[in-house]
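Notes follow the structure.
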Amino acid sequence: MKTHQLRPCLLLAALVALSTTTGISAFVLPCSSKSGSSRAAGLRMAASSNNYDRRSLFVKSAAMSSLLALSLSSARPAAASVAFDPDRYGDKELKIATVNKLKQKLRNAIAGDLTLAVPFVRLAINDAIGYDAATDGGGPDGSITFEMDRAQNEGLKPALAVLTKVKGEMQSTNEVTFGDICAFAGAVAIESTGGPRIPVQLGRTDSGQPNVNNVGDPGYSWASMTGEGLKNTFTKAGLGPREATLLYGAVGAVHLATKDAGQSAGEVDADIDDDGEIEAFIPTTFGKQSDIYGAQLGTKKFDASYLALVGKGQAVGLGTIDKVLATDPQLKTFVTKYAGNNNAFLKDLNECYLKLTTLGYKGTKRND
């Protein structure tokens, strides 16, 4: 097996360009620079006309998905960067079915217990944020399953147990890595509460052990977060105050959307036809969000209101992170920027989440 590197900025630009120009999300895996379509390593699902019927959309989506991968579990050193293997999952129909099935299970879990939405986003952040840009070690590789004793993961054990259950249920027909489940869980939590549809690249290889880089800055603790601790953690990962504000702004937005909604919103099942197609749950089809993804969960739509409130010094219920965003000068610059521009918040969050969940990206190809 040979390994190919792709600059994260090129991957990010390709995915965000598709998402922003078409108004829909995309699942894309990077292409090798050696050739064109024969090296395509991803799924792009796009709808260019509302005149396409469901059958046409599914056929076109399937044809473009031949190299989207959900990787199978494989132990690897947790200090290494994250391997994404687009060829590990099987044929295009299985890939589409797996994405749909995983997304539905995650949404159903949130609908059954809305208190899971915030922890799902935090799990996605903390699984990835252990990446060390200086050593190219760590990243979103499922190592968080072995890190529940760390201060940044306080309160996440119940949500981790739910994701572990989802993995077990998927495994009977579609084995999916925990790194992929974590990355998808955060995106589903954001989307299901009215946030943007976020492209998620799949195909991660699980580490099978704790991340030695993710021991945590003393100030990056859920119970006692500090501005310096938050910024140092994100800077070490190659991100910065902007990304910290966007991602924890998303945590706050999900919190506001679900905190007054009660514990359960009920379960929503996909409509599966005789050919195994999931009619109401193709992740990147067109139409209103409620048409393709089910009704919004929670009582308040996901937006920049959380940042607006903490920017005014109000405690919103997330503990020390509320105060940190309101008082740290660098963070507050971005709080102010996005609190006054909801469209920019949603757009930049989309890009930021993709960047987070591809930290340490190392593409691989089989039989190459």
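Every chain in the structure tokens takes a letter, A first, then B, and so on in the order presented; its residues are numbered from 1, and the ligands are numbered from 1 following the presented order.
Using only C-alpha atoms, the protein and nucleic acid residues lying no more than 7 Å from A:Asp180, apart from those fewer than 6 places from it along its own chain, are Leu202, Gly203 and Arg204 of chain A.
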Using only C-alpha atoms, I'd like a table of the residues in stretch 79-161 of chain A that come within 8 Å of stretch 226-240 of chain A; for each, show the closest atom pair and its distance in Å rounded to one decimal, ordered by chain and ascending number, as a Markdown table.
| residue | atom | partner | partner_atom | distance |
| --- | --- | --- | --- | --- |
| A:Ile129 | CA | A:Ala237 | CA | 6.0 |
| A:Gly130 | CA | A:Ala237 | CA | 6.7 |
| A:Tyr131 | CA | A:Ala237 | CA | 5.0 |
| A:Asp132 | CA | A:Ala237 | CA | 4.9 |
| A:Ala133 | CA | A:Ala237 | CA | 5.1 |
| A:Ala134 | CA | A:Lys236 | CA | 7.5 |
Could you write out the selected residues, including C-alpha atoms, as a PDB file, in the first residue's frame?
ATOM      1  CA  ILE A 129      -8.298  18.424  18.637  1.00  0.00           C
ATOM      2  CA  GLY A 130      -5.511  16.209  19.991  1.00  0.00           C
ATOM      3  CA  TYR A 131      -3.770  16.553  16.635  1.00  0.00           C
ATOM      4  CA  ASP A 132      -0.251  17.988  16.972  1.00  0.00           C
ATOM      5  CA  ALA A 133       0.632  20.063  13.913  1.00  0.00           C
ATOM      6  CA  ALA A 134       4.320  20.145  14.850  1.00  0.00           C
TER       7      ALA A 134
END
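Between A:Asp217 and the residues A:Met170, A:Ala151, A:Cys352, A:Leu163, the shortest atom-to-atom distance, using only C-alpha atoms, involves A:Ala151.
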Self-check item: Selection: 7 Å around stretch 340-348 of chain A, only C-alpha atoms, excl. self and same-chain fewer than 5 positions, as a PyMOL selection string
Solution: chain A and resi 196+303-304
Quiz item: Skipping near chain neighbours, those fewer than 3 positions away, what residues fall within 6 Å of A:Ala326 using only C-alpha atoms, listed as a list of chain:residue names?
Solution: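 Contacts, with the query itself left out: A:Val310, A:Gly311, A:Gly313, A:Lys323, A:Lys332.
Taking atom CA of A:Asn174 as the reference point, atom CA of A:Val118 is found at 26.0 Å.
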Self-check item: Residues near A:Tyr248, cut-off 10 Å, only C-alpha atoms, skip fewer than 5 positions along chain, as a list in words
Solution: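 Those residues are Val121, Arg122, Ile125, Glu243, Ala253, Val254, Tyr306, Leu307, Leu318, Ile321, Asp322 and Leu325 of chain A.
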Let me see the file: selected residues, N, CA and C atoms, as a short mmCIF file (atom, residue, chain, number, x, y, z; two decimals), in the first residue's frame.
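Final file, part_15.cif:
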data_model
loop_
_atom_site.label_atom_id
_atom_site.label_comp_id
_atom_site.auth_asym_id
_atom_site.auth_seq_id
_atom_site.Cartn_x
_atom_site.Cartn_y
_atom_site.Cartn_z
N VAL A 121 -21.36 16.92 19.72
CA VAL A 121 -20.48 17.92 19.12
C VAL A 121 -19.15 17.97 19.88
N ARG A 122 -19.22 17.92 21.21
CA ARG A 122 -17.99 17.94 22.00
C ARG A 122 -17.12 16.72 21.73
N ILE A 125 -15.27 17.32 18.51
CA ILE A 125 -14.18 18.29 18.70
C ILE A 125 -13.00 17.64 19.42
N GLU A 243 -11.28 29.40 14.94
CA GLU A 243 -11.89 28.06 14.92
C GLU A 243 -12.44 27.69 16.29
N ALA A 253 -24.86 26.94 20.30
CA ALA A 253 -26.07 27.01 19.48
C ALA A 253 -26.90 25.75 19.63
N VAL A 254 -26.25 24.59 19.67
CA VAL A 254 -26.96 23.32 19.88
C VAL A 254 -27.57 23.30 21.28
N TYR A 306 -26.25 32.29 20.50
CA TYR A 306 -25.40 32.00 21.66
C TYR A 306 -24.24 32.98 21.75
N LEU A 307 -23.58 33.23 20.64
CA LEU A 307 -22.45 34.17 20.65
C LEU A 307 -22.92 35.59 20.98
N LEU A 318 -23.41 26.92 29.85
CA LEU A 318 -22.33 26.00 29.49
C LEU A 318 -21.11 26.17 30.40
N ILE A 321 -17.04 28.03 29.68
CA ILE A 321 -16.85 28.41 28.28
C ILE A 321 -17.61 29.70 27.97
N ASP A 322 -18.75 29.92 28.61
CA ASP A 322 -19.49 31.17 28.43
C ASP A 322 -18.61 32.37 28.79
N LEU A 325 -15.39 32.92 26.37
CA LEU A 325 -15.68 33.55 25.10
C LEU A 325 -16.01 35.03 25.27
#
Exercise. Tell me which protein, DNA and RNA residues are within 7 Å of A:Val82, counting only C-alpha atoms, leaving out same-chain ones fewer than 2 positions away, and put them as a PyMOL selection string.
Key: chain A and resi 80+84+138-141+204-205+360-362
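Reported to one decimal place, the separation of atom CA of A:Pro241 from atom CA of A:Pro329 is 10.0 Å.
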Practice problem: Pick out each residue of stretch 184-267 of chain A that DSSP on the backbone tags as helix (DSSP H, G or I); I need them as a ChimeraX atom specification. | Solution: /A:184-192,227-236,241-258
Could you save the residues just selected, with N, CA, C and O atoms, as a compact mmCIF listing (two decimals), in the first residue's frame?
# COMPACT_ATOMS: atom_id res chain seq x y z
N PHE A 184 -19.16 12.17 12.29
CA PHE A 184 -20.51 12.27 11.76
C PHE A 184 -21.49 12.69 12.84
O PHE A 184 -22.44 13.44 12.59
N ALA A 185 -21.28 12.23 14.09
CA ALA A 185 -22.21 12.54 15.18
C ALA A 185 -22.31 14.04 15.42
O ALA A 185 -23.41 14.58 15.60
N GLY A 186 -21.18 14.73 15.42
CA GLY A 186 -21.21 16.17 15.61
C GLY A 186 -21.93 16.88 14.49
O GLY A 186 -22.72 17.81 14.72
N ALA A 187 -21.67 16.44 13.26
CA ALA A 187 -22.33 17.06 12.10
C ALA A 187 -23.83 16.83 12.14
O ALA A 187 -24.62 17.73 11.82
N VAL A 188 -24.26 15.63 12.52
CA VAL A 188 -25.69 15.33 12.60
C VAL A 188 -26.36 16.16 13.69
O VAL A 188 -27.48 16.65 13.52
N ALA A 189 -25.67 16.32 14.83
CA ALA A 189 -26.23 17.13 15.91
C ALA A 189 -26.45 18.57 15.47
O ALA A 189 -27.48 19.18 15.77
N ILE A 190 -25.51 19.11 14.73
CA ILE A 190 -25.63 20.49 14.23
C ILE A 190 -26.75 20.58 13.20
O ILE A 190 -27.62 21.45 13.27
N GLU A 191 -26.75 19.67 12.24
CA GLU A 191 -27.75 19.73 11.17
C GLU A 191 -29.16 19.48 11.69
O GLU A 191 -30.11 20.15 11.29
N SER A 192 -29.31 18.53 12.61
CA SER A 192 -30.65 18.16 13.06
C SER A 192 -31.29 19.24 13.93
O SER A 192 -32.51 19.25 14.10
N GLY A 227 -9.15 31.01 28.72
CA GLY A 227 -8.91 31.49 27.37
C GLY A 227 -7.59 30.98 26.81
O GLY A 227 -7.52 30.54 25.66
N GLU A 228 -6.54 31.04 27.63
CA GLU A 228 -5.23 30.57 27.16
C GLU A 228 -5.24 29.07 26.90
O GLU A 228 -4.65 28.59 25.93
N GLY A 229 -5.89 28.31 27.78
CA GLY A 229 -5.96 26.86 27.58
C GLY A 229 -6.68 26.49 26.30
O GLY A 229 -6.24 25.62 25.53
N LEU A 230 -7.79 27.16 26.03
CA LEU A 230 -8.55 26.91 24.82
C LEU A 230 -7.74 27.28 23.58
O LEU A 230 -7.63 26.50 22.63
N LYS A 231 -7.13 28.46 23.61
CA LYS A 231 -6.35 28.91 22.44
C LYS A 231 -5.11 28.06 22.22
O LYS A 231 -4.77 27.72 21.08
N ASN A 232 -4.42 27.69 23.30
CA ASN A 232 -3.22 26.86 23.17
C ASN A 232 -3.54 25.50 22.56
O ASN A 232 -2.78 24.98 21.72
N THR A 233 -4.66 24.92 22.98
CA THR A 233 -5.05 23.61 22.46
C THR A 233 -5.34 23.68 20.97
O THR A 233 -4.90 22.82 20.19
N PHE A 234 -6.07 24.70 20.55
CA PHE A 234 -6.39 24.84 19.14
C PHE A 234 -5.17 25.23 18.30
O PHE A 234 -5.00 24.76 17.18
N THR A 235 -4.30 26.07 18.87
CA THR A 235 -3.09 26.46 18.14
C THR A 235 -2.18 25.26 17.94
O THR A 235 -1.59 25.08 16.87
N LYS A 236 -2.04 24.42 18.94
CA LYS A 236 -1.21 23.22 18.82
C LYS A 236 -1.71 22.32 17.69
O LYS A 236 -0.93 21.65 17.01
N PRO A 241 -7.85 30.93 17.42
CA PRO A 241 -8.99 31.51 18.13
C PRO A 241 -10.27 31.55 17.29
O PRO A 241 -11.37 31.39 17.83
N ARG A 242 -10.14 31.78 16.00
CA ARG A 242 -11.32 31.81 15.12
C ARG A 242 -12.04 30.48 15.14
O ARG A 242 -13.27 30.40 15.32
N GLU A 243 -11.28 29.40 14.94
CA GLU A 243 -11.89 28.06 14.92
C GLU A 243 -12.44 27.69 16.29
O GLU A 243 -13.49 27.04 16.39
N ALA A 244 -11.74 28.08 17.35
CA ALA A 244 -12.23 27.80 18.70
C ALA A 244 -13.58 28.48 18.93
O ALA A 244 -14.51 27.89 19.50
N THR A 245 -13.69 29.73 18.48
CA THR A 245 -14.95 30.46 18.64
C THR A 245 -16.07 29.84 17.82
O THR A 245 -17.20 29.68 18.31
N LEU A 246 -15.78 29.47 16.60
CA LEU A 246 -16.80 28.87 15.73
C LEU A 246 -17.30 27.54 16.30
O LEU A 246 -18.51 27.29 16.38
N LEU A 247 -16.37 26.69 16.72
CA LEU A 247 -16.77 25.35 17.17
C LEU A 247 -17.48 25.39 18.52
O LEU A 247 -18.48 24.69 18.72
N TYR A 248 -17.00 26.22 19.44
CA TYR A 248 -17.71 26.32 20.71
C TYR A 248 -18.95 27.20 20.58
O TYR A 248 -19.89 27.08 21.38
N GLY A 249 -18.97 28.05 19.56
CA GLY A 249 -20.22 28.74 19.23
C GLY A 249 -21.27 27.75 18.75
O GLY A 249 -22.47 27.89 19.05
N ALA A 250 -20.82 26.71 18.04
CA ALA A 250 -21.74 25.65 17.60
C ALA A 250 -22.24 24.84 18.79
O ALA A 250 -23.42 24.47 18.86
N VAL A 251 -21.35 24.55 19.74
CA VAL A 251 -21.77 23.84 20.96
C VAL A 251 -22.86 24.65 21.66
O VAL A 251 -23.90 24.12 22.09
N GLY A 252 -22.64 25.97 21.77
CA GLY A 252 -23.64 26.82 22.41
C GLY A 252 -24.93 26.90 21.65
O GLY A 252 -26.03 26.92 22.24
N ALA A 253 -24.86 26.94 20.30
CA ALA A 253 -26.07 27.01 19.48
C ALA A 253 -26.90 25.75 19.63
O ALA A 253 -28.14 25.79 19.73
N VAL A 254 -26.25 24.59 19.67
CA VAL A 254 -26.96 23.32 19.88
C VAL A 254 -27.57 23.30 21.28
O VAL A 254 -28.70 22.83 21.47
N HIS A 255 -26.84 23.82 22.25
CA HIS A 255 -27.36 23.88 23.62
C HIS A 255 -28.64 24.71 23.68
O HIS A 255 -29.65 24.28 24.27
N LEU A 256 -28.63 25.90 23.08
CA LEU A 256 -29.82 26.75 23.10
C LEU A 256 -30.99 26.11 22.36
O LEU A 256 -32.15 26.26 22.76
N ALA A 257 -30.68 25.40 21.29
CA ALA A 257 -31.74 24.78 20.48
C ALA A 257 -32.45 23.65 21.21
O ALA A 257 -33.62 23.37 20.94
N THR A 258 -31.76 23.00 22.14
CA THR A 258 -32.32 21.79 22.75
C THR A 258 -32.63 21.91 24.23
O THR A 258 -33.34 21.06 24.78
Quiz item: Rounded to one decimal in Å, what is the spacing between atom CA of A:Pro199 and atom CA of A:Leu354?
Solution: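 The value is 6.7 Å.
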